[in-house]
Amino acid sequence: MSTAQQVPDILSPEFAENPYPAYQVMRESAPLIWHDVTQSYIISRYEDVERVFKDKDGEFTTDNYDWQLEPVHGKTILQLSGREHSVRRALVAPAFRGSDLQEKFLPVIERNSRELIDAFRHTGSADLVHDYATRFPVNVIADMLGLDKDDHEQFHGWYTSVIAFLGNLSGDPAVTAAGERTRSEFADYMFPIIRARRENLGDDLLSTLCAAEVDGVRMSDEDIKAFCSLLLAAGGETTDKAIASIFANLLAHPEQLAAVRADRGLIPRAFAETLRYTPPVHMIMRQSATEVTVSGGTIPAGATVTCLIGAANRDENRYADPDRFDIFREDLTATNAFSAAADHLAFALGRHFCVGALLAKAEVEVGVDQLLDAMPDARLADGFDPVEQGVFTRGPQSLPVRFTPPAV
């Protein structure tokens, strides 16, 4: 087993600027690293991360979420296992797939995307991060839940604090305090709304959660609040960065952008390849339930395991020419890219596969389609080179584009 000193440290400025060379070194020569600051074992090869996520033999748990998520969200579905997990997932999952998603929420997605684009479609310029990506998924989730979109800045502030808490690998006490404060503020905001909704159910997702029952089990106010908190943070941050990254990748590869513009059926392929090439979430933690042998050594029972999705998704033993963005690659299947059978690891796998994957797919398909219609000749602003930022989550911080506005 290697130590963190033998490769660029995940907390170093060098790593934050560009983690991909470090990922390659890890995969090749240090596939298992003990990282003292985070007190975790770092794994980076596809086969090892896939094994942890699928967890066919009960070797790994999500017990780490007790300290990683619960301080900011309360107890979430991600921490549950066995029947308790399956029942809670059965309560929330229907809203994110099938007829509910298509009939109830697709119009919400389309409307929210159109409203944001209307603000800049006649101007000839936009920052796709600030004007669109950071607002779109949060507005959709607020609408789905029947919350007031005028509270957008509060929602965005809360989920930014939560994501900062989750990515606080160095243990900055100010970041920790802000994240914990968010849990209290969000509870004060949500509990009166949940109680009122229970007494006057509507056709929104919050009402569905209030009324849902499986095997005689209903969600408590705390269950619902924690799920809404998780949904805002996970659904906002990841889809935000995914949309920005798709456009950054396509704008850097004009021939692939032209292909997607001509055939919108390629949008799922562009999304799947973006999830592989520049995933919004670069690392997810698990906890070992038993002693486990992986590439490079053995992980003891009860240890925190940091799974580097960003590294595993570029493993040369899994993908041909993995550092090349290619929506036409043959070793990534778009048809199952948004299911637990995905060829990439951006949504995790197994029983904790992202429950919102199909919602994210719907948002991205609608958003990219509408943006391409509004900006048929979109190009990066002169002299601008997109720069990714972030370690735990990662994506472009700004993406200014220019385009020819439609004739009035």
# chains A, B, ... in the order shown; residues from 1 in each chain; ligands from 1
>>> select_by_dssp(residues="range 273-379 of chain A", states="strand (DSSP E)", output="list in words")
Met283, Ile284, Met285, Arg286, Gln287, Ser288, Val292, Thr293, Val294, Gly297, Thr298, Ile299, Thr304, Val305, Thr306, Cys307, Leu308 and Arg379 of chain A
>>> residues_around(residues="Leu251 in chain A", least_positions_apart="2", cutoff="12 Å", atoms="only C-alpha atoms", output="PyMOL selection string")
chain A and resi 128+244-249+253-261+270+325+372+377-381+384-386+399-402
>>> write_last_selection(atoms="C-alpha atoms", output="tab-separated table (two decimals), in the first residue's frame")
chain	number	residue	atom	x	y	z
A	128	LEU	CA	-24.31	29.31	-19.00
A	244	ALA	CA	-22.10	23.27	-17.59
A	245	SER	CA	-19.68	20.42	-18.28
A	246	ILE	CA	-21.63	19.10	-21.28
A	247	PHE	CA	-21.43	22.49	-22.96
A	248	ALA	CA	-17.79	23.00	-21.99
A	249	ASN	CA	-16.94	19.61	-23.49
A	253	HIS	CA	-15.08	19.63	-29.64
A	254	PRO	CA	-16.95	21.54	-32.38
A	255	GLU	CA	-17.48	18.50	-34.61
A	256	GLN	CA	-19.27	16.68	-31.79
A	257	LEU	CA	-21.28	19.80	-30.96
A	258	ALA	CA	-22.36	19.99	-34.61
A	259	ALA	CA	-23.41	16.34	-34.51
A	260	VAL	CA	-25.53	16.86	-31.38
A	261	ARG	CA	-27.05	20.03	-32.81
A	270	ALA	CA	-23.18	13.44	-24.74
A	325	PHE	CA	-13.94	13.06	-24.90
A	372	LEU	CA	-29.20	24.59	-28.71
A	377	ASP	CA	-24.24	29.16	-33.32
A	378	ALA	CA	-23.10	29.24	-29.68
A	379	ARG	CA	-19.36	29.73	-29.18
A	380	LEU	CA	-17.15	30.54	-26.23
A	381	ALA	CA	-16.54	34.22	-25.57
A	384	PHE	CA	-12.14	32.38	-22.68
A	385	ASP	CA	-10.89	28.94	-21.67
A	386	PRO	CA	-13.23	27.03	-19.33
A	399	LEU	CA	-19.00	29.58	-19.18
A	400	PRO	CA	-19.59	32.81	-21.13
A	401	VAL	CA	-20.90	32.21	-24.63
A	402	ARG	CA	-21.80	34.38	-27.59
>>> residues_around(residues="range 207-212 of chain A", least_positions_apart="5", cutoff="9 Å", atoms="only C-alpha atoms", output="list in words")
Leu91, Val92, Ala95, Leu145, Gly146, Ile194, Arg195, Arg197, Arg198, Asn200, Leu201, Gly202, Val217, Arg218, Met219, Ser220, Asp221 and Ile224 of chain A
>>> write_last_selection(atoms="N, CA and C atoms", output="compact mmCIF listing (two decimals), in the first residue's frame")
# COMPACT_ATOMS: atom_id res chain seq x y z
N LEU A 91 -40.96 4.49 -1.24
CA LEU A 91 -41.81 5.64 -1.00
C LEU A 91 -41.45 6.82 -1.92
N VAL A 92 -40.16 7.01 -2.18
CA VAL A 92 -39.75 8.20 -2.93
C VAL A 92 -39.50 7.93 -4.41
N ALA A 95 -41.75 8.96 -7.91
CA ALA A 95 -41.77 10.33 -8.44
C ALA A 95 -40.64 10.59 -9.42
N LEU A 145 -41.53 20.32 -5.63
CA LEU A 145 -41.94 20.21 -4.24
C LEU A 145 -43.08 21.16 -3.88
N GLY A 146 -43.39 22.08 -4.77
CA GLY A 146 -44.42 23.07 -4.48
C GLY A 146 -43.92 24.14 -3.53
N ILE A 194 -44.35 21.40 5.62
CA ILE A 194 -44.74 19.98 5.62
C ILE A 194 -46.04 19.78 6.38
N ARG A 195 -46.15 20.41 7.56
CA ARG A 195 -47.36 20.26 8.36
C ARG A 195 -48.58 20.81 7.61
N ARG A 197 -48.91 21.09 4.38
CA ARG A 197 -49.18 20.26 3.21
C ARG A 197 -49.91 18.97 3.60
N ARG A 198 -49.59 18.43 4.77
CA ARG A 198 -50.29 17.22 5.22
C ARG A 198 -51.79 17.49 5.38
N ASN A 200 -53.47 19.77 3.69
CA ASN A 200 -54.07 20.24 2.43
C ASN A 200 -53.21 19.73 1.27
N LEU A 201 -53.36 18.45 0.98
CA LEU A 201 -52.54 17.81 -0.05
C LEU A 201 -52.83 18.39 -1.43
N GLY A 202 -51.76 18.53 -2.22
CA GLY A 202 -51.91 18.96 -3.60
C GLY A 202 -51.38 17.89 -4.53
N VAL A 217 -46.05 1.77 6.30
CA VAL A 217 -45.05 2.74 6.75
C VAL A 217 -45.23 4.05 5.99
N ARG A 218 -45.26 5.16 6.72
CA ARG A 218 -45.29 6.48 6.11
C ARG A 218 -44.06 7.26 6.54
N MET A 219 -43.73 8.27 5.78
CA MET A 219 -42.56 9.08 6.11
C MET A 219 -42.91 10.09 7.19
N SER A 220 -42.03 10.24 8.17
CA SER A 220 -42.22 11.25 9.21
C SER A 220 -41.85 12.63 8.66
N ASP A 221 -42.20 13.68 9.41
CA ASP A 221 -41.81 15.03 8.99
C ASP A 221 -40.29 15.12 8.85
N ILE A 224 -39.12 13.44 5.62
CA ILE A 224 -39.42 14.25 4.44
C ILE A 224 -38.47 15.44 4.37
>>> closest_residue(among="A:Gly58, A:Gly265, A:Pro192, A:Pro19", to="Glu291 in chain A", atoms="only C-alpha atoms")
A:Gly58
>>> residues_around(residues="Leu230 in chain A", least_positions_apart="3", cutoff="9 Å", atoms="only C-alpha atoms", output="CSV table (one decimal) with C-alpha atoms, in the first residue's frame")
chain,number,residue,atom,x,y,z
A,69,LEU,CA,-24.3,13.7,5.8
A,73,HIS,CA,-29.3,16.8,6.3
A,76,THR,CA,-31.3,10.3,5.1
A,159,TYR,CA,-27.1,23.7,-0.9
A,225,LYS,CA,-37.3,17.2,5.5
A,226,ALA,CA,-34.1,15.2,5.3
A,227,PHE,CA,-35.1,13.9,1.8
A,233,ALA,CA,-28.2,19.6,-2.5
A,234,ALA,CA,-27.6,16.5,-4.6
A,235,GLY,CA,-30.0,17.4,-7.4
>>> closest_atom_pairs(of="range 173-242 of chain A", to="range 343-364 of chain A", cutoff="10 Å", atoms="only C-alpha atoms", output="CSV")
residue,atom,partner,partner_atom,distance
A:Leu231,CA,A:Gly356,CA,8.2
A:Ala234,CA,A:Gly356,CA,8.8
A:Gly235,CA,A:Gly356,CA,7.2
A:Gly236,CA,A:Ala360,CA,9.5
A:Thr238,CA,A:Ala360,CA,8.5
A:Thr239,CA,A:Ala360,CA,6.1
A:Asp240,CA,A:Val364,CA,9.4
A:Ala242,CA,A:Val364,CA,7.9
>>> closest_residue(among="A:Met283, A:Lys149, A:Leu206, A:Phe155", to="Phe53 in chain A", atoms="only C-alpha atoms")
A:Met283
>>> closest_atom_pairs(of="range 269-297 of chain A", to="range 160-183 of chain A", cutoff="12 Å", atoms="only C-alpha atoms", output="JSON lines")
{"residue": "A:Pro280", "atom": "CA", "partner": "A:Ile163", "partner_atom": "CA", "distance": 11.7}
{"residue": "A:Val281", "atom": "CA", "partner": "A:Gly167", "partner_atom": "CA", "distance": 10.1}
{"residue": "A:His282", "atom": "CA", "partner": "A:Gly167", "partner_atom": "CA", "distance": 10.2}
{"residue": "A:Met283", "atom": "CA", "partner": "A:Gly167", "partner_atom": "CA", "distance": 9.2}
{"residue": "A:Ile284", "atom": "CA", "partner": "A:Leu166", "partner_atom": "CA", "distance": 9.7}
{"residue": "A:Met285", "atom": "CA", "partner": "A:Leu166", "partner_atom": "CA", "distance": 10.2}
>>> closest_residue(among="A:Glu103, A:Glu28, A:Glu14, A:Glu153", to="Asp315 in chain A", atoms="only C-alpha atoms")
A:Glu28
>>> select_by_dssp(residues="range 22-256 of chain A", states="helix (DSSP H, G or I)", output="MDAnalysis selection string")
chainID A and resid 22:29 46:54 65:68 70:73 77:79 82:96 98:118 128:133 136:145 149:166 173:199 205:211 221:251 254:256
>>> residues_around(residues="Val292 in chain A", least_positions_apart="6", cutoff="8 Å", atoms="only C-alpha atoms", output="PyMOL selection string")
chain A and resi 59+298-301
>>> closest_residue(among="A:Glu110, A:His35, A:Arg314, A:Arg135", to="Glu237 in chain A", atoms="only C-alpha atoms")
A:Arg135
>>> closest_residue(among="A:Asp127, A:Asp188, A:Glu213, A:Glu388", to="Phe403 in chain A", atoms="only C-alpha atoms")
A:Asp127
>>> residues_around(residues="Arg111 in chain A", least_positions_apart="6", cutoff="12 Å", atoms="only C-alpha atoms", output="JSON, numbers by chain")
{"A": [105, 117, 118, 136, 137, 139, 140, 143, 144, 363, 366, 367, 370]}
